[in-house]
Each structure stands twice: as structure tokens, then as C-alpha cells.
Number of protein chains: 2
Amino acid sequence: MPSTIPDIVISRLPVYLRALERLSQEGQEVTSSHELGKHLGISSAQIRKDLSHFGGFGKQGTGYKIAFLKDQLRQVLKVEREWQVALVGAGDLGSAVARYKGFTERGFHIAYVFDSAPEKINKRIGSFIIHPVADIPKVIAENNIRLAMIAVPAENAQQVAEMLIQAGVRAILNYAPINLNVPDNVHVQYIDPVIHLQRMTYYLT
Amino acid sequence: MPSTIPDIVISRLPVYLRALERLSQEGQEVTSSHELGKHLGISSAQIRKDLSHFGGFGKQGTGYKIAFLKDQLRQVLKVEREWQVALVGAGDLGSAVARYKGFTERGFHIAYVFDSAPEKINKRIGSFIIHPVADIPKVIAENNIRLAMIAVPAENAQQVAEMLIQAGVRAILNYAPINLNVPDNVHVQYIDPVIHLQRMTYYLT
């Protein structure tokens, strides 16, 4: 397995993994780049090329063994283990994020929830106790947490990101509708549904 | 203004627009490709090139007038008007989507909410009355709705998408963790936070 895989390939692997997990749930054991491509709207040539980065996955004509390919992708993406995630923000958006069942089902465990509102501290969202934002440095560092989700208002997001990074976080999923300035060794991904809607209206007549 | 702008450029315009709206809220009137690039982590050359598709926006040395550029981008993206959106799925995820204030604030009005569970029909989520999925064809067609969001379980998403498309929907924001097969004239964007987390774990040590 090569030590570096192009970022663009890495960005597609979780989508392949999700499709494979689905096929596997449906009881299927073998697939092809053609079938995957049809499911995903990606060319089979692209899929073969992406998967060839790991070498020897599929054989021409025999297809991919789903269980094996799934395991390989999980290892490459480092999602064969459970990840602890910190969530900052326990308002409407943060509460919805905390309650979303899909994280735990797919290997991401929200370990701590933080908020700055004094009236929320020590209250609960579902099974989570809300901790004060002031505890971020101690809790993140002591528990060696590398992943965080930000669900605070846009105007507070940059400051929260800096606290998290200072404490050791290296990957942030940002739900606040604002871009974050982070050092090169920190990864950020964004979730802003309005951006996605605005990417489509251009095409509507 | 050219009739076709590359898809990759279109996909970046909403991010530029969001940054401009923020600068504008902060009282700023003029910006530069350099400043925008710093905010967004995109090279200033890229930004100048993207914005040059519309011709004559910024002048070398004088920068971009934010109000003007914002208006232009809103027109190009067709978000100077309000869009009516249908939401299918009124479970945990759909309810969170329905309650998210960011849509209305940024020009997307959830006009109808649908669910298939008989016990939910005619109940409310916030201000929305839940309609039966069986009403999708009639309601979507009569109200000429082109945009929809899907927040149903993965196993029902494809079928719901087909109903929506049949009724006239041409752009779908899919929160269900599954890829949709749609005709070429239909646009789909995906929101799956686990995919975003899995795109970052590869880089963590």
C-alpha cells in the first residue's frame, strides 16, 4: 500500500465504502467496477483506477470480493476502529447533531459535548452531559481527542476552532456557515445545506 | 454573461457568496481576490479566474465592490428569488432539517413536509403540517416545485426520489446515506456527515 494516495482519491473512498456496506447488507458477496459505477454515477474506469492505488484488489473478469474490499478500505481510511469525537455547540443544530444515530452506527462516538451558555452546563442532550467550553483544553488533551464537530453560531466558530486545535484536534467537521482559517496540519470539512441547494438552482429553469 | 459556466466554477460560487455576505454584514464595502482567498483557503488567482467568467467584475488594483459582486452572484445562481422546497421525511433527521433556521434566512422556504407514517399525517413539526407521501404527485405538480430534500431511511430514498422526479422535481438534496440513480436532467447533492469524517481520519495519526 503506498504511503500517499491522492487527496481526490481519498475523498471518494468513503463513498465506495458506503456503497459496499450497502451491497453487503443486501447479502451480495461480489461486485464489479461496472456495478459500483452504476450505483454511484462514476465511470467504471475511474473506480478501477482509484482502487488500483492499493494494488491487486480486483481481478479483471472476476470482480471484487466485497468483504475483502470493505476491510481494505476501512483500514486505509482508518475507520476499522471507533473514533471519539468532541461536539461544540448544544443549540438547535448541535442538539440535532448529538441525536443523529448515524455516527455511532458507523464508528464515530460523540464523547463530549460543550457549550458556552451557563444555563446549559451539566444539562443533558439525550445521553450527553453538556460541559463548559472552558473545559475544552483539559478534556480534549487528556482524552487525546483528534476529531471535533463545530455547531456554534458563525461568529463564534473561528474562536472555537482555535481552542480545539490548540488542545490537539486535527480534524474538524464544521456545521457553522463560515470558512475557518486553520494551520496546514489541520483538516476541515464543511456541512452547509444552503451551499448545496445554491449549487443546484443555477441549473433550474 | 456566458450561457454556460463550468460546473466546477458554479460549485464554488455559493462559497464566494457566503463569504461576501459575511464581509458585507461586517460593514465592509470593497474586497480583493487576495482577501477572499485568505478567508477561503483558495488562491487569489483561482478566484480571479472564476469571477472572470462573468466579465468585468473587478478591476486590477481597485478590488471588487462587495454589494455589486454579491448581486451578480445571486443572479447567476438564481438565488435572488425565494425558492420553495419540499421535504420528505419527518423522523428525527427530517424534523431537524425542518427546524433549521438557515434555510429561510438564505432564501429557501420549506413549503411542504411529507411522511409515510399514518400516525404523523396532519401532525406538525414546528409550523409545518405533515402531508402523506401519497400527496407528493399532486402537491409538487400543482405548486410547480422544483427542489426537494430527502430525509427518509436509506432503503426508501430511491423510491421517494423517483416519485419526486416524476412529479417535476429537478434538484434533490439527499440526507439519506445512499446514492441515488437519477436521470441526467436531475441534479443531486448529498449530505452525509459520516462521509466527511471518513475523509479526514486517513490523515490522522
# chains A, B, ... in the order shown; residues from 1 in each chain; ligands from 1
call {"tool": "select_by_dssp", "arguments": {"residues": "range 14-184 of chain B", "states": "strand (DSSP E)", "output": "MDAnalysis selection string"}}
result
chainID B and resid 30:31 64:65 83:88 108:115 124:125 128:132 147:150 171:174
call {"tool": "write_last_selection", "arguments": {"atoms": "N, CA and C atoms", "output": "short mmCIF file (atom, residue, chain, number, x, y, z; two decimals), in the first residue's frame"}}
result
data_model
loop_
_atom_site.label_atom_id
_atom_site.label_comp_id
_atom_site.auth_asym_id
_atom_site.auth_seq_id
_atom_site.Cartn_x
_atom_site.Cartn_y
_atom_site.Cartn_z
N VAL B 30 -15.63 46.92 0.06
CA VAL B 30 -14.76 46.51 -1.04
C VAL B 30 -13.88 45.35 -0.57
N THR B 31 -13.61 44.42 -1.46
CA THR B 31 -12.69 43.34 -1.11
C THR B 31 -11.79 43.04 -2.30
N TYR B 64 -12.96 44.38 -5.69
CA TYR B 64 -14.36 44.13 -6.04
C TYR B 64 -15.27 44.92 -5.11
N LYS B 65 -16.29 45.54 -5.70
CA LYS B 65 -17.34 46.14 -4.88
C LYS B 65 -18.25 45.03 -4.37
N TRP B 83 -36.91 30.32 -3.13
CA TRP B 83 -37.26 29.01 -3.68
C TRP B 83 -38.13 28.25 -2.70
N GLN B 84 -39.16 27.59 -3.25
CA GLN B 84 -39.99 26.70 -2.45
C GLN B 84 -39.36 25.31 -2.50
N VAL B 85 -39.25 24.68 -1.35
CA VAL B 85 -38.62 23.37 -1.27
C VAL B 85 -39.58 22.39 -0.60
N ALA B 86 -39.63 21.16 -1.12
CA ALA B 86 -40.39 20.10 -0.46
C ALA B 86 -39.43 19.27 0.38
N LEU B 87 -39.89 18.85 1.55
CA LEU B 87 -39.07 17.98 2.42
C LEU B 87 -39.82 16.67 2.61
N VAL B 88 -39.15 15.57 2.30
CA VAL B 88 -39.77 14.26 2.52
C VAL B 88 -39.06 13.56 3.67
N PHE B 108 -34.44 29.89 1.05
CA PHE B 108 -35.09 28.61 0.74
C PHE B 108 -36.21 28.35 1.74
N HIS B 109 -37.43 28.29 1.22
CA HIS B 109 -38.61 28.16 2.06
C HIS B 109 -39.15 26.75 1.97
N ILE B 110 -39.14 26.03 3.08
CA ILE B 110 -39.74 24.69 3.08
C ILE B 110 -41.25 24.88 2.99
N ALA B 111 -41.80 24.48 1.86
CA ALA B 111 -43.22 24.76 1.59
C ALA B 111 -44.10 23.59 2.00
N TYR B 112 -43.58 22.37 1.89
CA TYR B 112 -44.37 21.17 2.23
C TYR B 112 -43.48 20.11 2.85
N VAL B 113 -44.03 19.45 3.88
CA VAL B 113 -43.32 18.33 4.51
C VAL B 113 -44.19 17.07 4.33
N PHE B 114 -43.54 15.99 3.90
CA PHE B 114 -44.26 14.72 3.66
C PHE B 114 -43.68 13.60 4.52
N ASP B 115 -44.54 12.67 4.92
CA ASP B 115 -44.07 11.45 5.58
C ASP B 115 -45.03 10.32 5.24
N ARG B 124 -47.87 18.25 13.35
CA ARG B 124 -47.00 19.36 12.99
C ARG B 124 -45.55 19.14 13.42
N ILE B 125 -44.61 19.66 12.64
CA ILE B 125 -43.24 19.89 13.10
C ILE B 125 -43.10 21.40 13.06
N PHE B 128 -44.91 23.44 10.38
CA PHE B 128 -45.26 22.64 9.20
C PHE B 128 -46.24 21.53 9.51
N ILE B 129 -47.25 21.41 8.68
CA ILE B 129 -48.17 20.27 8.76
C ILE B 129 -47.59 19.14 7.91
N ILE B 130 -47.65 17.93 8.44
CA ILE B 130 -47.10 16.79 7.71
C ILE B 130 -48.17 16.20 6.77
N HIS B 131 -47.80 16.12 5.50
CA HIS B 131 -48.70 15.59 4.48
C HIS B 131 -48.32 14.15 4.14
N PRO B 132 -49.28 13.35 3.67
CA PRO B 132 -48.94 11.98 3.29
C PRO B 132 -48.10 11.94 2.01
N LEU B 147 -37.45 21.84 -6.30
CA LEU B 147 -36.39 21.48 -5.35
C LEU B 147 -36.96 20.65 -4.22
N ALA B 148 -36.24 19.59 -3.82
CA ALA B 148 -36.70 18.79 -2.69
C ALA B 148 -35.54 18.31 -1.85
N MET B 149 -35.83 18.04 -0.58
CA MET B 149 -34.84 17.44 0.31
C MET B 149 -35.39 16.10 0.77
N ILE B 150 -34.54 15.09 0.78
CA ILE B 150 -34.95 13.75 1.19
C ILE B 150 -34.29 13.42 2.52
N ALA B 171 -34.07 19.02 -8.69
CA ALA B 171 -32.87 19.15 -7.85
C ALA B 171 -33.20 18.58 -6.48
N ILE B 172 -32.34 17.67 -6.01
CA ILE B 172 -32.60 16.96 -4.76
C ILE B 172 -31.39 17.09 -3.84
N LEU B 173 -31.66 17.51 -2.60
CA LEU B 173 -30.62 17.45 -1.57
C LEU B 173 -30.93 16.21 -0.74
N ASN B 174 -30.05 15.22 -0.82
CA ASN B 174 -30.33 13.92 -0.21
C ASN B 174 -29.56 13.74 1.10
#
call {"tool": "select_by_dssp", "arguments": {"residues": "range 81-129 of chain A", "states": "helix (DSSP H, G or I)", "output": "CSV table (one decimal) with N, CA and C atoms, in the first residue's frame"}}
result
chain,number,residue,atom,x,y,z
A,92,ASP,N,-30.0,24.3,18.8
A,92,ASP,CA,-30.8,23.5,17.9
A,92,ASP,C,-30.0,22.6,17.0
A,93,LEU,N,-29.0,23.2,16.3
A,93,LEU,CA,-28.2,22.4,15.4
A,93,LEU,C,-27.4,21.4,16.1
A,94,GLY,N,-26.7,21.8,17.2
A,94,GLY,CA,-25.8,20.9,17.9
A,94,GLY,C,-26.6,19.7,18.5
A,95,SER,N,-27.8,20.0,19.0
A,95,SER,CA,-28.7,19.0,19.6
A,95,SER,C,-29.1,18.0,18.5
A,96,ALA,N,-29.4,18.5,17.4
A,96,ALA,CA,-29.8,17.6,16.3
A,96,ALA,C,-28.6,16.7,15.9
A,97,VAL,N,-27.4,17.3,15.9
A,97,VAL,CA,-26.2,16.5,15.6
A,97,VAL,C,-25.9,15.5,16.6
A,98,ALA,N,-26.1,15.9,17.9
A,98,ALA,CA,-25.9,14.9,19.0
A,98,ALA,C,-26.8,13.7,18.9
A,99,ARG,N,-28.0,14.0,18.5
A,99,ARG,CA,-29.1,12.9,18.4
A,99,ARG,C,-29.0,12.1,17.2
A,102,GLY,N,-26.6,8.0,13.1
A,102,GLY,CA,-25.7,7.5,12.1
A,102,GLY,C,-24.2,7.6,12.5
A,103,PHE,N,-23.9,8.4,13.4
A,103,PHE,CA,-22.4,8.5,13.8
A,103,PHE,C,-22.0,7.2,14.5
A,104,THR,N,-22.7,6.8,15.6
A,104,THR,CA,-22.3,5.6,16.3
A,104,THR,C,-22.4,4.4,15.5
A,105,GLU,N,-23.4,4.3,14.7
A,105,GLU,CA,-23.6,3.1,13.8
A,105,GLU,C,-22.4,2.9,12.9
A,118,PRO,N,-24.2,29.4,30.2
A,118,PRO,CA,-24.1,28.9,31.6
A,118,PRO,C,-25.3,28.0,31.9
A,119,GLU,N,-26.5,28.4,31.4
A,119,GLU,CA,-27.8,27.6,31.8
A,119,GLU,C,-27.8,26.2,31.2
A,120,LYS,N,-26.9,25.9,30.2
A,120,LYS,CA,-26.9,24.6,29.6
A,120,LYS,C,-25.9,23.6,30.3
call {"tool": "residues_around", "arguments": {"residues": "range 152-156 of chain A", "least_positions_apart": "3", "cutoff": "6 Å", "atoms": "only C-alpha atoms", "output": "list in words"}}
result
Gly89, Gln159, Ala176, Pro177 and Ile178 of chain A
call {"tool": "write_last_selection", "arguments": {"atoms": "N, CA, C and O atoms", "output": "short mmCIF file (atom, residue, chain, number, x, y, z; two decimals), in the first residue's frame"}}
result
data_model
loop_
_atom_site.label_atom_id
_atom_site.label_comp_id
_atom_site.auth_asym_id
_atom_site.auth_seq_id
_atom_site.Cartn_x
_atom_site.Cartn_y
_atom_site.Cartn_z
N GLY A 89 -21.23 23.08 20.79
CA GLY A 89 -22.49 23.70 20.41
C GLY A 89 -23.65 22.79 20.74
O GLY A 89 -23.76 21.69 20.21
N GLN A 159 -13.14 31.13 16.72
CA GLN A 159 -12.55 31.09 18.06
C GLN A 159 -12.60 29.67 18.64
O GLN A 159 -11.62 29.19 19.23
N ALA A 176 -21.01 25.28 11.15
CA ALA A 176 -21.27 26.72 11.15
C ALA A 176 -21.07 27.25 9.73
O ALA A 176 -20.11 26.87 9.06
N PRO A 177 -21.97 28.11 9.25
CA PRO A 177 -21.87 28.56 7.84
C PRO A 177 -20.80 29.62 7.64
O PRO A 177 -21.09 30.75 7.27
N ILE A 178 -19.56 29.25 7.87
CA ILE A 178 -18.44 30.18 7.72
C ILE A 178 -17.17 29.36 7.47
O ILE A 178 -17.04 28.24 7.97
#
call {"tool": "closest_residue", "arguments": {"among": "A:Ile42, A:Leu69, A:Leu77, A:Val169", "to": "Thr4 in chain A", "atoms": "only C-alpha atoms"}}
result
A:Leu77
call {"tool": "residues_around", "arguments": {"residues": "Asp184 in chain B", "least_positions_apart": "3", "cutoff": "12 Å", "atoms": "only C-alpha atoms", "output": "compact mmCIF listing (two decimals) with all heavy atoms, in the first residue's frame"}}
result
# COMPACT_ATOMS: atom_id res chain seq x y z
N GLY A 41 -22.86 6.58 -10.07
CA GLY A 41 -22.77 7.59 -11.12
C GLY A 41 -21.34 8.02 -11.40
O GLY A 41 -21.06 9.17 -11.71
N TYR A 203 -29.02 25.50 -12.28
CA TYR A 203 -29.40 24.60 -13.36
C TYR A 203 -30.92 24.52 -13.56
O TYR A 203 -31.39 23.86 -14.49
CB TYR A 203 -28.86 23.19 -13.10
CG TYR A 203 -27.35 23.18 -12.97
CD1 TYR A 203 -26.75 23.17 -11.72
CD2 TYR A 203 -26.53 23.19 -14.09
CE1 TYR A 203 -25.35 23.17 -11.59
CE2 TYR A 203 -25.15 23.21 -13.98
CZ TYR A 203 -24.58 23.19 -12.72
OH TYR A 203 -23.22 23.20 -12.61
N ILE B 165 -39.26 13.10 -8.78
CA ILE B 165 -38.82 13.43 -10.14
C ILE B 165 -40.02 13.31 -11.09
O ILE B 165 -40.24 14.18 -11.94
CB ILE B 165 -37.66 12.51 -10.56
CG1 ILE B 165 -36.42 12.83 -9.72
CG2 ILE B 165 -37.35 12.66 -12.05
CD1 ILE B 165 -35.32 11.78 -9.78
N ARG B 170 -36.46 18.71 -9.97
CA ARG B 170 -35.26 18.62 -10.80
C ARG B 170 -33.97 18.79 -10.00
O ARG B 170 -32.87 18.76 -10.57
CB ARG B 170 -35.32 19.66 -11.94
CG ARG B 170 -36.37 19.32 -13.02
CD ARG B 170 -36.01 18.05 -13.76
NE ARG B 170 -37.08 17.59 -14.65
CZ ARG B 170 -37.99 16.68 -14.30
NH1 ARG B 170 -37.98 16.13 -13.08
NH2 ARG B 170 -38.91 16.29 -15.16
N ALA B 171 -34.07 19.02 -8.69
CA ALA B 171 -32.87 19.15 -7.85
C ALA B 171 -33.20 18.58 -6.48
O ALA B 171 -34.22 18.93 -5.88
CB ALA B 171 -32.45 20.61 -7.74
N LEU B 180 -28.25 8.02 -5.12
CA LEU B 180 -29.49 7.94 -5.89
C LEU B 180 -29.18 7.80 -7.37
O LEU B 180 -28.24 8.42 -7.87
CB LEU B 180 -30.33 9.21 -5.67
CG LEU B 180 -30.77 9.49 -4.24
CD1 LEU B 180 -31.48 10.85 -4.17
CD2 LEU B 180 -31.66 8.39 -3.69
N ASN B 181 -29.96 6.99 -8.04
CA ASN B 181 -29.89 6.92 -9.51
C ASN B 181 -30.96 7.84 -10.07
O ASN B 181 -32.15 7.60 -9.85
CB ASN B 181 -30.13 5.50 -10.00
CG ASN B 181 -28.95 4.60 -9.69
OD1 ASN B 181 -27.80 4.98 -9.92
ND2 ASN B 181 -29.22 3.43 -9.14
N HIS B 187 -30.51 17.08 -10.79
CA HIS B 187 -29.29 17.31 -10.01
C HIS B 187 -29.46 16.78 -8.59
O HIS B 187 -30.52 16.96 -8.00
CB HIS B 187 -28.96 18.80 -9.99
CG HIS B 187 -28.60 19.30 -11.35
ND1 HIS B 187 -27.31 19.38 -11.80
CD2 HIS B 187 -29.38 19.66 -12.40
CE1 HIS B 187 -27.30 19.79 -13.04
NE2 HIS B 187 -28.54 19.97 -13.44
N VAL B 188 -28.42 16.15 -8.08
CA VAL B 188 -28.46 15.64 -6.70
C VAL B 188 -27.23 16.12 -5.96
O VAL B 188 -26.12 16.11 -6.50
CB VAL B 188 -28.50 14.10 -6.65
CG1 VAL B 188 -28.63 13.61 -5.21
CG2 VAL B 188 -29.64 13.54 -7.47
call {"tool": "closest_residue", "arguments": {"among": "B:Met163, B:Ala117, B:Leu40, B:Leu51", "to": "chain A", "atoms": "only C-alpha atoms"}}
result
B:Leu40
call {"tool": "atom_distance", "arguments": {"atom1": "CA of Ile10 in chain B", "atom2": "CA of Ile8 in chain A"}}
result
18.7 Å
call {"tool": "closest_residue", "arguments": {"among": "A:Arg74, A:Arg81, A:His53, A:Arg199", "to": "chain B", "atoms": "only C-alpha atoms"}}
result
A:Arg199
call {"tool": "residues_around", "arguments": {"residues": "Asp50 in chain B", "least_positions_apart": "3", "cutoff": "9 Å", "atoms": "only C-alpha atoms", "output": "ChimeraX atom specification"}}
result
/B:9-10,12-13,45-47,53-54
call {"tool": "write_last_selection", "arguments": {"atoms": "N, CA, C and O atoms", "output": "mmCIF file, in the first residue's frame"}}
result
data_model
loop_
_atom_site.group_PDB
_atom_site.id
_atom_site.type_symbol
_atom_site.label_atom_id
_atom_site.label_comp_id
_atom_site.auth_asym_id
_atom_site.auth_seq_id
_atom_site.Cartn_x
_atom_site.Cartn_y
_atom_site.Cartn_z
ATOM 1 N N VAL B 9 -16.802 25.678 -11.450
ATOM 2 C CA VAL B 9 -16.872 27.091 -11.059
ATOM 3 C C VAL B 9 -18.183 27.354 -10.326
ATOM 4 O O VAL B 9 -18.206 27.972 -9.252
ATOM 5 N N ILE B 10 -19.284 26.856 -10.899
ATOM 6 C CA ILE B 10 -20.594 27.013 -10.253
ATOM 7 C C ILE B 10 -20.546 26.486 -8.817
ATOM 8 O O ILE B 10 -21.084 27.098 -7.896
ATOM 9 N N ARG B 12 -18.216 26.498 -6.747
ATOM 10 C CA ARG B 12 -17.500 27.393 -5.817
ATOM 11 C C ARG B 12 -18.235 28.707 -5.559
ATOM 12 O O ARG B 12 -18.003 29.371 -4.545
ATOM 13 N N LEU B 13 -19.120 29.102 -6.478
ATOM 14 C CA LEU B 13 -19.756 30.426 -6.344
ATOM 15 C C LEU B 13 -20.537 30.592 -5.036
ATOM 16 O O LEU B 13 -20.478 31.662 -4.419
ATOM 17 N N ALA B 45 -5.484 33.747 -7.507
ATOM 18 C CA ALA B 45 -5.517 33.554 -8.963
ATOM 19 C C ALA B 45 -6.767 32.759 -9.365
ATOM 20 O O ALA B 45 -7.443 33.094 -10.343
ATOM 21 N N GLN B 46 -7.062 31.728 -8.565
ATOM 22 C CA GLN B 46 -8.249 30.906 -8.823
ATOM 23 C C GLN B 46 -9.520 31.755 -8.742
ATOM 24 O O GLN B 46 -10.422 31.654 -9.577
ATOM 25 N N ILE B 47 -9.584 32.585 -7.719
ATOM 26 C CA ILE B 47 -10.771 33.423 -7.528
ATOM 27 C C ILE B 47 -10.932 34.406 -8.689
ATOM 28 O O ILE B 47 -12.022 34.554 -9.242
ATOM 29 N N HIS B 53 -15.327 34.710 -15.374
ATOM 30 C CA HIS B 53 -16.343 34.119 -16.251
ATOM 31 C C HIS B 53 -17.525 35.050 -16.493
ATOM 32 O O HIS B 53 -18.285 34.869 -17.436
ATOM 33 N N PHE B 54 -17.730 35.980 -15.594
ATOM 34 C CA PHE B 54 -18.867 36.893 -15.744
ATOM 35 C C PHE B 54 -18.446 38.196 -16.387
ATOM 36 O O PHE B 54 -19.266 39.007 -16.754
#
call {"tool": "closest_residue", "arguments": {"among": "B:Gln158, B:Asn179, B:Ser33, B:Asn185", "to": "chain A", "atoms": "only C-alpha atoms"}}
result
B:Asn179
call {"tool": "closest_residue", "arguments": {"among": "A:Ile5, A:Ile195, A:Leu17, A:Leu23", "to": "chain B", "atoms": "only C-alpha atoms"}}
result
A:Ile195
